[in-house]
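A.B. asks: The structure's right below; bear with me while I get my questions together.
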Amino acid sequence: MPVFPADQLSPDLRRRNQVHAVRLSELTTMRIGGPATLVILEERKDLPELLALPHRWLGRGANLLVGDQGVGEVVIKLGAAFDSIALGAPVDGKALVKVGAGYDLARLIAATVKAGLAGPEGLAGVPATIGGALRMNAGTSTCWTLDWVTRVEVLLPGESAPRWLDRAALPGAYRSSGLPTGTLFLAAELVLAVGDPELLRATSVRLKQAKAASQPLALPSAGCMFKNPSPTCPAGKLIDELGLKGVRIGGAEISQIHANFIVNPQRTATVADVTALVRRIRRSAWTQRNIVMELEVETWDCPAELHAHPETLLEHDACLR
Ligand code: EPU
């Protein structure tokens, strides 16, 4: 896949923003992904030029699987201009926090815990930028990003100017903001209740310890691969019950620790290895439990079969026999 030619970006844009030739395996926690042209966006005035080009938005790369051939679009990451936080003084037990979408979620949690403001600590240990957390409505079984967000600044696909939306305008669902694919989040406002910093710190430490005990955090992965089919049927438990823990194809492996993680222990896995494991899991879940498993991770230029209904995969396999 030819990468986007950097010389098609205007000299002004290239002067005001960093432009790099990258391998996306270096910018994703799964450590898979081919080459791309990356723009680190510093100037809002360059948004119109970039929006007119084929583009993709990159956050922390924690929930993303990229094809080995890379992507032909410009990959845009928010730079220092979107990496700020402002904590307001509490009034009547609540404080307004403004945060840029490029800001790291772990840093937001550290800042709000220190200031004794409750809410974000429930997401302790979730790897994300604020923009990525909003886009995915990142969460745990008890807490979601949109729980504590009151307004977001977004650029909707097809629009040329950013605008602020109230929380009520965000449909919000399990692992989704509910806004269209391609929406760019630029900033968020949160109204947080005053809490006891020591209790908030204890909660964040407990959540991080629980995650470290139950998830393979030491190995490259994209976090949970699949959405939970239902609250009573967690994907990890299902894959475990299907007997697939530890199955390895090429460099990719279904984690022994948490079966909803596909890990890349030696950083040698290709997207084809991951696709083969995903296919194996989806086929087993369909034939043995009649469950269609849906990917949670976002995919860029990956094989289409990652999203195909398992029935069609079975038909395809039957044709090959
Ligand atoms: N389980 C197994 N075997 C496994 C994995 C899990 O039996 O291999 C069982 C657990 O023992 C537990 C149940 O399945 O009884 C649920 O597991 P867990 O508590 O780990 O929660 P989860 O539903 O698998 C969700 C989120 C995680 C988040 C955790 C903790 C999804 C798909 N996953 O996992 O999010 O960290 O809750 O709150 O909603 C992510 O989105 O990338 C992610 C890791």
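Labels used: A, B, ... for chains in the order of the structure tokens, numbers from 1 for residues in each chain, and numbers from 1 for ligands as shown.
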Each residue of stretch 94-164 of chain A with at least one atom at most 6 Å from stretch 182-195 of chain A should appear once, together with its nearest atom pair and the corresponding distance in Å (one decimal); atoms considered: only C-alpha atoms; ordering: chain, then increasing residue number; output as a tab-separated table.

C.D. replies:
residue	atom	partner	partner_atom	distance
A:Lys94	CA	A:Ala193	CA	4.4
A:Ala95	CA	A:Leu192	CA	5.4
A:Leu96	CA	A:Val191	CA	4.7
A:Val97	CA	A:Leu190	CA	5.1
A:Lys98	CA	A:Glu189	CA	4.6
A:Val99	CA	A:Ala188	CA	5.5
A:Gly100	CA	A:Ala187	CA	4.3
A:Ala101	CA	A:Ala187	CA	4.6
A:Gly116	CA	A:Gly195	CA	5.0
A:Leu117	CA	A:Val194	CA	4.7
A:Ala118	CA	A:Gly195	CA	5.5
A:Gly131	CA	A:Phe185	CA	5.2
A:Trp148	CA	A:Leu190	CA	5.8
A:Val149	CA	A:Leu190	CA	4.5
A:Thr150	CA	A:Leu190	CA	5.2
A:Arg151	CA	A:Glu189	CA	5.1
A:Val152	CA	A:Ala188	CA	4.3
A:Glu153	CA	A:Ala187	CA	5.0
A:Val154	CA	A:Phe185	CA	4.5
A:Leu155	CA	A:Leu184	CA	5.0
A:Leu156	CA	A:Thr183	CA	4.7
A:Pro157	CA	A:Thr183	CA	5.5

A.B. asks: Using only C-alpha atoms and all ligand atoms, find each residue of chain A with at least one atom at most 7 Å away from an atom of ligand 1; report its shortest atom-to-atom pair and that distance in Å (one decimal), sort the rows by chain and rising residue number, and return the result as CSV.

C.D. replies:
residue,atom,partner,partner_atom_place_in_ligand_line,distance
A:Asn63,CA,ligand 1,42 (O),6.7
A:Val126,CA,ligand 1,36 (O),6.8
A:Ala138,CA,ligand 1,41 (O),6.6
A:Gly139,CA,ligand 1,35 (O),6.5
A:Thr140,CA,ligand 1,38 (O),3.4
A:Ser141,CA,ligand 1,38 (O),4.7
A:Thr142,CA,ligand 1,38 (O),7.0
A:Lys211,CA,ligand 1,36 (O),6.4
A:Ser214,CA,ligand 1,20 (O),6.1
A:Ala222,CA,ligand 1,42 (O),6.8
A:Gly223,CA,ligand 1,42 (O),3.7
A:Cys224,CA,ligand 1,42 (O),3.7
A:Met225,CA,ligand 1,42 (O),6.8
A:Phe226,CA,ligand 1,32 (C),5.7
A:Lys227,CA,ligand 1,32 (C),4.3
A:Asn228,CA,ligand 1,32 (C),4.7
A:Pro234,CA,ligand 1,23 (O),4.7
A:Ala235,CA,ligand 1,24 (O),6.1
A:Gly236,CA,ligand 1,5 (C),3.9
A:Lys237,CA,ligand 1,2 (C),3.6
A:Ile239,CA,ligand 1,8 (O),6.9
A:Asp240,CA,ligand 1,8 (O),5.0
A:Gln256,CA,ligand 1,8 (O),7.0
A:Ile257,CA,ligand 1,8 (O),5.9
A:His258,CA,ligand 1,8 (O),3.6
A:Ala259,CA,ligand 1,8 (O),3.8
A:Asn260,CA,ligand 1,5 (C),6.4
A:Glu296,CA,ligand 1,32 (C),6.9

A.B. asks: Produce a file of the selected residues containing N, CA and C atoms, as a CSV table (one decimal), in the first residue's frame.

C.D. replies:
chain,number,residue,atom,x,y,z
A,63,ASN,N,-6.4,0.4,21.0
A,63,ASN,CA,-7.6,-0.4,20.6
A,63,ASN,C,-7.7,-0.6,19.1
A,126,VAL,N,-7.0,2.0,32.2
A,126,VAL,CA,-7.4,1.9,30.8
A,126,VAL,C,-6.5,2.8,30.0
A,138,ALA,N,-14.9,4.4,26.4
A,138,ALA,CA,-14.1,3.4,27.1
A,138,ALA,C,-14.6,3.2,28.5
A,139,GLY,N,-14.5,2.0,29.0
A,139,GLY,CA,-15.1,1.7,30.3
A,139,GLY,C,-14.7,0.4,30.9
A,140,THR,N,-15.3,0.1,32.0
A,140,THR,CA,-15.2,-1.2,32.7
A,140,THR,C,-16.6,-1.7,32.8
A,141,SER,N,-16.8,-2.7,33.7
A,141,SER,CA,-18.2,-3.2,33.9
A,141,SER,C,-19.0,-2.2,34.7
A,142,THR,N,-18.4,-1.2,35.4
A,142,THR,CA,-19.2,-0.4,36.2
A,142,THR,C,-19.1,1.1,35.9
A,211,LYS,N,-6.7,-5.1,37.4
A,211,LYS,CA,-6.5,-5.3,36.0
A,211,LYS,C,-5.1,-6.1,35.8
A,214,SER,N,-5.6,-9.8,36.3
A,214,SER,CA,-6.5,-10.6,35.4
A,214,SER,C,-6.2,-10.4,33.9
A,222,ALA,N,-4.1,-5.5,21.9
A,222,ALA,CA,-5.0,-4.3,21.7
A,222,ALA,C,-6.1,-4.3,22.7
A,223,GLY,N,-5.8,-4.9,23.9
A,223,GLY,CA,-6.8,-4.9,24.9
A,223,GLY,C,-7.8,-6.0,24.6
A,224,CYS,N,-9.1,-5.9,25.0
A,224,CYS,CA,-10.1,-6.9,24.7
A,224,CYS,C,-10.3,-6.9,23.2
A,225,MET,N,-10.3,-8.0,22.6
A,225,MET,CA,-10.5,-8.1,21.1
A,225,MET,C,-12.0,-8.0,20.7
A,226,PHE,N,-12.9,-8.6,21.6
A,226,PHE,CA,-14.3,-8.7,21.2
A,226,PHE,C,-15.1,-7.9,22.2
A,227,LYS,N,-16.2,-7.4,21.8
A,227,LYS,CA,-17.2,-6.9,22.7
A,227,LYS,C,-17.8,-8.0,23.5
A,228,ASN,N,-18.2,-7.8,24.7
A,228,ASN,CA,-18.9,-8.9,25.4
A,228,ASN,C,-20.3,-9.1,24.7
A,234,PRO,N,-19.5,-12.7,29.2
A,234,PRO,CA,-18.3,-12.0,28.9
A,234,PRO,C,-17.5,-12.8,27.8
A,235,ALA,N,-17.0,-12.1,26.8
A,235,ALA,CA,-16.3,-12.7,25.7
A,235,ALA,C,-15.1,-13.6,26.3
A,236,GLY,N,-14.4,-13.1,27.3
A,236,GLY,CA,-13.2,-13.8,27.8
A,236,GLY,C,-13.7,-15.2,28.4
A,237,LYS,N,-14.8,-15.1,29.1
A,237,LYS,CA,-15.3,-16.4,29.7
A,237,LYS,C,-15.7,-17.4,28.6
A,239,ILE,N,-14.7,-17.5,25.4
A,239,ILE,CA,-13.5,-18.1,24.7
A,239,ILE,C,-12.8,-19.1,25.6
A,240,ASP,N,-12.7,-18.8,26.8
A,240,ASP,CA,-12.1,-19.7,27.8
A,240,ASP,C,-12.9,-21.1,27.8
A,256,GLN,N,-3.2,-16.8,27.8
A,256,GLN,CA,-3.5,-17.8,28.9
A,256,GLN,C,-4.1,-17.1,30.1
A,257,ILE,N,-3.9,-15.8,30.2
A,257,ILE,CA,-4.4,-15.1,31.4
A,257,ILE,C,-5.8,-14.6,31.2
A,258,HIS,N,-6.1,-14.0,30.1
A,258,HIS,CA,-7.5,-13.5,29.8
A,258,HIS,C,-7.8,-13.8,28.4
A,259,ALA,N,-8.7,-14.7,28.1
A,259,ALA,CA,-9.0,-15.2,26.8
A,259,ALA,C,-9.5,-14.2,25.8
A,260,ASN,N,-9.9,-13.0,26.2
A,260,ASN,CA,-10.4,-12.0,25.3
A,260,ASN,C,-9.2,-11.1,24.8
A,296,GLU,N,-14.3,-5.7,19.2
A,296,GLU,CA,-14.3,-4.4,19.9
A,296,GLU,C,-13.2,-3.5,19.3

A.B. asks: Identify, on the basis of only C-alpha atoms, every residue whose closest approach to stretch 14-31 of chain A does not exceed 8 Å; exclude the query and any residue fewer than 6 positions from it along the same chain; express the result as a list in words.

C.D. replies: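 Here the answer would be Ala6, Thr37, Leu38, Val39, Ile40, Leu41, Glu42, Glu43, Arg60, Gly61, Ala62, Asn63, Leu64, Leu65, Val66, Gly70, Pro220, Ser221, Ala222, Val263, Asn264 and Arg267 of chain A.
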
A.B. asks: With all heavy atoms kept, could you save the residues just selected as a short mmCIF file (atom, residue, chain, number, x, y, z; two decimals), in the first residue's frame?

C.D. replies:
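Saved to again_15.cif:
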data_model
loop_
_atom_site.label_atom_id
_atom_site.label_comp_id
_atom_site.auth_asym_id
_atom_site.auth_seq_id
_atom_site.Cartn_x
_atom_site.Cartn_y
_atom_site.Cartn_z
N ALA A 6 4.01 12.75 1.45
CA ALA A 6 4.09 13.93 2.33
C ALA A 6 4.23 15.22 1.53
O ALA A 6 3.79 16.29 1.99
CB ALA A 6 5.27 13.76 3.28
N THR A 37 2.06 7.94 6.66
CA THR A 37 2.52 9.32 6.85
C THR A 37 1.73 9.91 8.02
O THR A 37 0.50 9.90 8.00
CB THR A 37 2.28 10.13 5.56
OG1 THR A 37 3.06 9.55 4.53
CG2 THR A 37 2.67 11.58 5.74
N LEU A 38 2.46 10.36 9.03
CA LEU A 38 1.82 10.86 10.26
C LEU A 38 1.99 12.38 10.35
O LEU A 38 3.10 12.90 10.17
CB LEU A 38 2.50 10.22 11.47
CG LEU A 38 2.04 10.72 12.84
CD1 LEU A 38 0.67 10.12 13.19
CD2 LEU A 38 3.04 10.36 13.94
N VAL A 39 0.89 13.06 10.64
CA VAL A 39 0.94 14.50 10.93
C VAL A 39 0.57 14.69 12.40
O VAL A 39 -0.47 14.19 12.84
CB VAL A 39 -0.06 15.29 10.05
CG1 VAL A 39 -0.11 16.75 10.47
CG2 VAL A 39 0.33 15.18 8.58
N ILE A 40 1.43 15.35 13.14
CA ILE A 40 1.09 15.69 14.53
C ILE A 40 0.52 17.10 14.50
O ILE A 40 1.23 18.07 14.23
CB ILE A 40 2.31 15.56 15.45
CG1 ILE A 40 2.80 14.11 15.37
CG2 ILE A 40 1.95 15.94 16.88
CD1 ILE A 40 3.95 13.75 16.27
N LEU A 41 -0.78 17.19 14.72
CA LEU A 41 -1.50 18.44 14.48
C LEU A 41 -1.31 19.42 15.64
O LEU A 41 -1.62 19.14 16.79
CB LEU A 41 -3.00 18.13 14.31
CG LEU A 41 -3.89 19.32 14.04
CD1 LEU A 41 -3.60 19.91 12.67
CD2 LEU A 41 -5.36 18.94 14.14
N GLU A 42 -0.77 20.59 15.31
CA GLU A 42 -0.57 21.64 16.31
C GLU A 42 -1.47 22.84 16.07
O GLU A 42 -1.71 23.62 16.97
CB GLU A 42 0.89 22.11 16.29
CG GLU A 42 1.88 21.05 16.72
CD GLU A 42 1.69 20.61 18.16
OE1 GLU A 42 0.91 21.24 18.90
OE2 GLU A 42 2.32 19.61 18.55
N GLU A 43 -1.93 23.00 14.86
CA GLU A 43 -2.64 24.24 14.50
C GLU A 43 -4.04 23.93 13.99
O GLU A 43 -4.20 23.21 13.00
CB GLU A 43 -1.87 24.96 13.38
CG GLU A 43 -0.53 25.50 13.81
CD GLU A 43 -0.64 26.82 14.57
OE1 GLU A 43 -1.76 27.39 14.61
OE2 GLU A 43 0.38 27.25 15.11
N ARG A 60 -4.14 6.85 21.23
CA ARG A 60 -2.99 6.18 21.85
C ARG A 60 -2.68 4.85 21.16
O ARG A 60 -1.74 4.17 21.51
CB ARG A 60 -3.27 5.97 23.34
CG ARG A 60 -2.02 5.77 24.16
CD ARG A 60 -2.36 5.83 25.63
NE ARG A 60 -1.23 5.47 26.46
CZ ARG A 60 -0.84 4.23 26.70
NH1 ARG A 60 -1.48 3.22 26.15
NH2 ARG A 60 0.19 4.00 27.49
N GLY A 61 -3.51 4.47 20.19
CA GLY A 61 -3.26 3.23 19.44
C GLY A 61 -3.47 1.98 20.28
O GLY A 61 -2.89 0.94 20.01
N ALA A 62 -4.32 2.09 21.32
CA ALA A 62 -4.46 0.98 22.27
C ALA A 62 -5.58 0.02 21.90
O ALA A 62 -5.70 -1.04 22.51
CB ALA A 62 -4.69 1.54 23.67
N ASN A 63 -6.40 0.40 20.96
CA ASN A 63 -7.58 -0.41 20.65
C ASN A 63 -7.68 -0.59 19.13
O ASN A 63 -8.76 -0.56 18.57
CB ASN A 63 -8.82 0.33 21.18
CG ASN A 63 -10.02 -0.55 21.31
OD1 ASN A 63 -9.96 -1.58 21.97
ND2 ASN A 63 -11.11 -0.17 20.65
N LEU A 64 -6.50 -0.75 18.53
CA LEU A 64 -6.41 -0.61 17.08
C LEU A 64 -5.55 -1.72 16.49
O LEU A 64 -4.46 -2.00 16.98
CB LEU A 64 -5.77 0.76 16.80
CG LEU A 64 -5.53 1.15 15.36
CD1 LEU A 64 -6.85 1.21 14.58
CD2 LEU A 64 -4.85 2.52 15.30
N LEU A 65 -6.09 -2.33 15.43
CA LEU A 65 -5.34 -3.33 14.67
C LEU A 65 -5.15 -2.78 13.26
O LEU A 65 -6.13 -2.43 12.59
CB LEU A 65 -6.14 -4.64 14.63
CG LEU A 65 -5.49 -5.83 13.94
CD1 LEU A 65 -4.19 -6.23 14.63
CD2 LEU A 65 -6.46 -7.02 13.91
N VAL A 66 -3.89 -2.68 12.83
CA VAL A 66 -3.58 -2.09 11.52
C VAL A 66 -2.96 -3.15 10.62
O VAL A 66 -2.13 -3.96 11.08
CB VAL A 66 -2.58 -0.91 11.67
CG1 VAL A 66 -2.34 -0.25 10.32
CG2 VAL A 66 -3.09 0.12 12.66
N GLY A 70 0.14 -1.26 6.02
CA GLY A 70 -0.01 0.14 6.41
C GLY A 70 -1.26 0.76 5.81
O GLY A 70 -2.15 0.05 5.33
N PRO A 220 2.40 -7.16 24.38
CA PRO A 220 1.68 -6.34 23.41
C PRO A 220 0.31 -6.94 23.09
O PRO A 220 0.19 -8.15 22.85
CB PRO A 220 2.57 -6.38 22.17
CG PRO A 220 3.94 -6.71 22.67
CD PRO A 220 3.72 -7.59 23.87
N SER A 221 -0.73 -6.10 23.11
CA SER A 221 -2.08 -6.53 22.73
C SER A 221 -2.89 -5.27 22.41
O SER A 221 -2.40 -4.16 22.63
CB SER A 221 -2.77 -7.29 23.88
OG SER A 221 -3.31 -6.36 24.82
N ALA A 222 -4.10 -5.48 21.91
CA ALA A 222 -4.97 -4.32 21.68
C ALA A 222 -6.08 -4.30 22.73
O ALA A 222 -7.18 -3.81 22.49
CB ALA A 222 -5.56 -4.38 20.27
N VAL A 263 -2.46 -11.79 22.21
CA VAL A 263 -1.18 -11.14 22.51
C VAL A 263 -0.17 -11.43 21.41
O VAL A 263 -0.32 -12.38 20.64
CB VAL A 263 -0.64 -11.59 23.90
CG1 VAL A 263 -1.52 -11.04 25.01
CG2 VAL A 263 -0.54 -13.11 24.00
N ASN A 264 0.85 -10.60 21.39
CA ASN A 264 1.88 -10.64 20.35
C ASN A 264 3.22 -10.69 21.08
O ASN A 264 3.98 -9.72 21.09
CB ASN A 264 1.73 -9.37 19.50
CG ASN A 264 2.74 -9.24 18.40
OD1 ASN A 264 3.46 -10.18 18.08
ND2 ASN A 264 2.81 -8.05 17.80
N ARG A 267 6.45 -9.90 19.32
CA ARG A 267 6.28 -8.79 18.35
C ARG A 267 6.50 -9.28 16.92
O ARG A 267 6.98 -8.53 16.07
CB ARG A 267 7.21 -7.62 18.65
CG ARG A 267 7.00 -7.09 20.04
CD ARG A 267 7.80 -5.85 20.28
NE ARG A 267 7.48 -5.33 21.61
CZ ARG A 267 7.66 -4.10 21.99
NH1 ARG A 267 8.16 -3.22 21.16
NH2 ARG A 267 7.34 -3.71 23.20
#

A.B. asks: Under the rule that only C-alpha atoms are counted, which of A:Ser284, A:Ser160, A:Gln8, A:Ser84 is the nearest residue to A:Leu238?

C.D. replies: A:Ser284

A.B. asks: Quick one: pick out all helix (DSSP H, G or I) residues within stretch 100-287 of chain A from a backbone DSSP run and write them as an MDAnalysis selection string.

C.D. replies: chainID A and resid 105:115 120:123 130:136 145:148 167:169 197:214 235:241 271:287

A.B. asks: Atom CA of A:Ile130 to atom CA of A:Leu87: how many Å, to one decimal?

C.D. replies: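 Spanning atom CA of A:Ile130 to atom CA of A:Leu87 is a straight-line distance of 15.2 Å.
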
A.B. asks: Kindly indicate which residue among A:Val71, A:Gln215, A:His55, A:Glu49 lies nearest to A:Pro2, using only C-alpha atoms for the distances.

C.D. replies: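 Comparing A:Val71, A:Gln215, A:His55, A:Glu49 against A:Pro2, the winner is A:Val71.
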
A.B. asks: Taking the DSSP assignment computed from this structure's backbone, write out as a list in words all residues of stretch 61-100 of chain A that belong to strand (DSSP E or B).

C.D. replies: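 Selecting the strand (DSSP E or B) positions of stretch 61-100 of chain A gives Leu64, Leu65, Val66, Val74, Val75, Ile76, Lys77, Leu78, Ile85, Ala86, Leu87, Val91, Lys94, Ala95, Leu96, Val97, Lys98, Val99 and Gly100 of chain A.
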
A.B. asks: Please, could you write that set of residues out with N, CA and C atoms as a short mmCIF file (atom, residue, chain, number, x, y, z; two decimals), in the first residue's frame?

C.D. replies:
data_model
loop_
_atom_site.label_atom_id
_atom_site.label_comp_id
_atom_site.auth_asym_id
_atom_site.auth_seq_id
_atom_site.Cartn_x
_atom_site.Cartn_y
_atom_site.Cartn_z
N LEU A 64 -6.50 -0.75 18.53
CA LEU A 64 -6.41 -0.61 17.08
C LEU A 64 -5.55 -1.72 16.49
N LEU A 65 -6.09 -2.33 15.43
CA LEU A 65 -5.34 -3.33 14.67
C LEU A 65 -5.15 -2.78 13.26
N VAL A 66 -3.89 -2.68 12.83
CA VAL A 66 -3.58 -2.09 11.52
C VAL A 66 -2.96 -3.15 10.62
N VAL A 74 -3.57 9.97 5.24
CA VAL A 74 -2.74 10.68 6.23
C VAL A 74 -3.24 10.29 7.61
N VAL A 75 -2.33 9.92 8.48
CA VAL A 75 -2.72 9.60 9.86
C VAL A 75 -2.46 10.84 10.71
N ILE A 76 -3.48 11.28 11.43
CA ILE A 76 -3.35 12.54 12.19
C ILE A 76 -3.45 12.23 13.68
N LYS A 77 -2.51 12.79 14.42
CA LYS A 77 -2.51 12.64 15.87
C LYS A 77 -2.52 14.05 16.46
N LEU A 78 -3.26 14.24 17.54
CA LEU A 78 -3.33 15.58 18.14
C LEU A 78 -2.02 15.87 18.88
N ILE A 85 -4.88 20.72 30.33
CA ILE A 85 -5.97 20.49 31.29
C ILE A 85 -6.12 21.74 32.14
N ALA A 86 -7.37 22.08 32.49
CA ALA A 86 -7.62 23.20 33.40
C ALA A 86 -8.64 22.74 34.44
N LEU A 87 -8.21 22.75 35.70
CA LEU A 87 -9.10 22.30 36.79
C LEU A 87 -9.70 23.53 37.45
N VAL A 91 -17.24 24.65 43.29
CA VAL A 91 -18.35 25.53 43.70
C VAL A 91 -19.51 24.60 44.04
N LYS A 94 -18.87 20.93 43.39
CA LYS A 94 -18.57 20.43 42.04
C LYS A 94 -17.56 21.34 41.37
N ALA A 95 -16.74 20.75 40.50
CA ALA A 95 -15.74 21.56 39.79
C ALA A 95 -15.79 21.25 38.30
N LEU A 96 -15.52 22.29 37.51
CA LEU A 96 -15.48 22.13 36.05
C LEU A 96 -14.03 21.83 35.64
N VAL A 97 -13.86 20.80 34.83
CA VAL A 97 -12.54 20.45 34.31
C VAL A 97 -12.62 20.51 32.79
N LYS A 98 -11.66 21.21 32.19
CA LYS A 98 -11.58 21.23 30.72
C LYS A 98 -10.32 20.49 30.33
N VAL A 99 -10.44 19.60 29.35
CA VAL A 99 -9.28 18.79 28.98
C VAL A 99 -9.25 18.60 27.47
N GLY A 100 -8.04 18.68 26.92
CA GLY A 100 -7.86 18.48 25.47
C GLY A 100 -7.96 17.01 25.13
#

A.B. asks: One decimal, Å: what's the distance from atom CA of A:Arg289 over to atom CA of A:Leu314, could you say?

C.D. replies: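 Atom CA of A:Arg289 sits 14.7 Å away from atom CA of A:Leu314.
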